Amino acid sequence: MLEIKPESAEQIVFYREHVAEFNRIADVLFPRSSEFSIHELSAILKNNEAAEIIRAVVRMGNYTDHNALILSNMAVSKLLRDNYGIRRPRGKRARPGIVNLVSQITPILLYYGFPCRTSERSRLVLALRFIAKEINLEGDPRGELRRLAKIQTRQTNAMKAGGYGR
C-alpha cells in the first residue's frame with residue numbers, strides 16, 4: 001500500500017456534494033475554529049472548488065485539538081493491539097494534528113493536479129503550510145510529507161525487489 005496517492009474521484013464527489021453540510025456542522029461543533037481566507041487559498045491552489053472542499057475538510061478535521069487527537073490515536077492503538085496483535089512502532093512521533101492534516105489534505109491536492117514534491121518551494125508544501133498557519137497548527141507539514149515520501153520509496157523499492165514493505 002502506497003502512503004501518498006491522489007484521492008479517489010468518488011471521495012471528491014462526496015466532498016463536493018456535502019461541502020455546505022460540513023460547514024454547517026463545523027459552525028456548530030467548532031464555533032471558534034479559525035476561518036482562513038478562502039480567497040488566499042484559491043489563489044494558492046488556482047482552483048476555487050478545491051479551496052472550498054479543503055476548507056470544509058479542514059474545518060471538520062479540527063486538527064488543533066491536540067488532546068482529542070491523542071485520545072483518538074490511543075484508542076486506535078488499543079484496538080489494533082487487542083483485536084489484531086499489531087503494536088505501533090516506538091520512537092519519536094509527529095504532532096497528531098500535522099499527521100492528520102497531511103494525510104487528509106495531501107490526497108485532495110494530488111487529485112487536483114499538484115505534483116507530489118517535498119521541496120521547500122513546492123506548491124504542495126506551500127499550500128499545506130498556508131493551511132497550517134491559518135488554523136494556528138504548530139509544526140511543519142513538510143516534515144510529515146517527507147516522512148510519508150520516504151516510506152513510499154521504501155515500499156516501492158521492496159516491491160521491485162520482490163520483497164514485502166515494512
# chains A, B, ... in the order shown; residues from 1 in each chain; ligands from 1
>>> select_by_dssp(residues="chain A", states="helix (DSSP H, G or I)", output="JSON, numbers by chain")
{"A": [9, 10, 11, 12, 13, 14, 15, 16, 17, 18, 19, 20, 21, 22, 23, 24, 25, 26, 27, 28, 29, 38, 39, 40, 41, 42, 43, 44, 45, 48, 49, 50, 51, 52, 53, 54, 55, 56, 57, 58, 59, 60, 61, 66, 67, 68, 69, 70, 71, 72, 73, 74, 75, 76, 77, 78, 79, 80, 81, 82, 83, 84, 96, 97, 98, 99, 100, 101, 102, 103, 104, 105, 106, 107, 108, 109, 110, 111, 123, 124, 125, 126, 127, 128, 129, 130, 131, 132, 133, 134, 141, 142, 143, 144, 145, 146, 147, 148, 149, 150, 151, 152, 153, 154, 155, 156, 157, 158, 159, 160, 161]}
>>> residues_around(residues="Arg142 of chain A", least_positions_apart="2", cutoff="7 Å", atoms="only C-alpha atoms", output="compact mmCIF listing (two decimals) with N, CA and C atoms, in the first residue's frame")
# COMPACT_ATOMS: atom_id res chain seq x y z
N THR A 118 8.36 17.41 -2.31
CA THR A 118 8.56 17.78 -0.91
C THR A 118 9.59 18.90 -0.75
N VAL A 125 3.80 21.83 -0.63
CA VAL A 125 4.30 22.26 0.69
C VAL A 125 3.78 23.66 1.02
N ASP A 140 5.66 21.75 11.17
CA ASP A 140 5.85 21.95 9.73
C ASP A 140 5.32 20.74 8.97
N GLU A 144 6.33 15.89 7.84
CA GLU A 144 5.45 14.73 7.73
C GLU A 144 5.35 14.27 6.28
N LEU A 145 5.29 15.20 5.37
CA LEU A 145 5.22 14.86 3.94
C LEU A 145 6.49 14.11 3.51
N ARG A 146 7.63 14.56 4.00
CA ARG A 146 8.89 13.90 3.68
C ARG A 146 8.95 12.50 4.29
>>> closest_residue(among="A:Gly85, A:Asn47, A:Ala56, A:Glu7", to="Val19 of chain A", atoms="only C-alpha atoms")
A:Ala56
>>> residues_around(residues="segment 100-114 of chain A", least_positions_apart="3", cutoff="9 Å", atoms="only C-alpha atoms", output="MDAnalysis selection string")
chainID A and resid 3:9 12 45 47 50 53:54 57:58 61 63 69 95:97 117 123:124 127:128 131:132 141:142 144:145 148
>>> atom_distance(atom1="atom CA of Glu40 of chain A", atom2="atom CA of Arg147 of chain A")
27.4 Å
>>> atom_distance(atom1="atom CA of Phe22 of chain A", atom2="atom CA of Ile135 of chain A")
16.7 Å
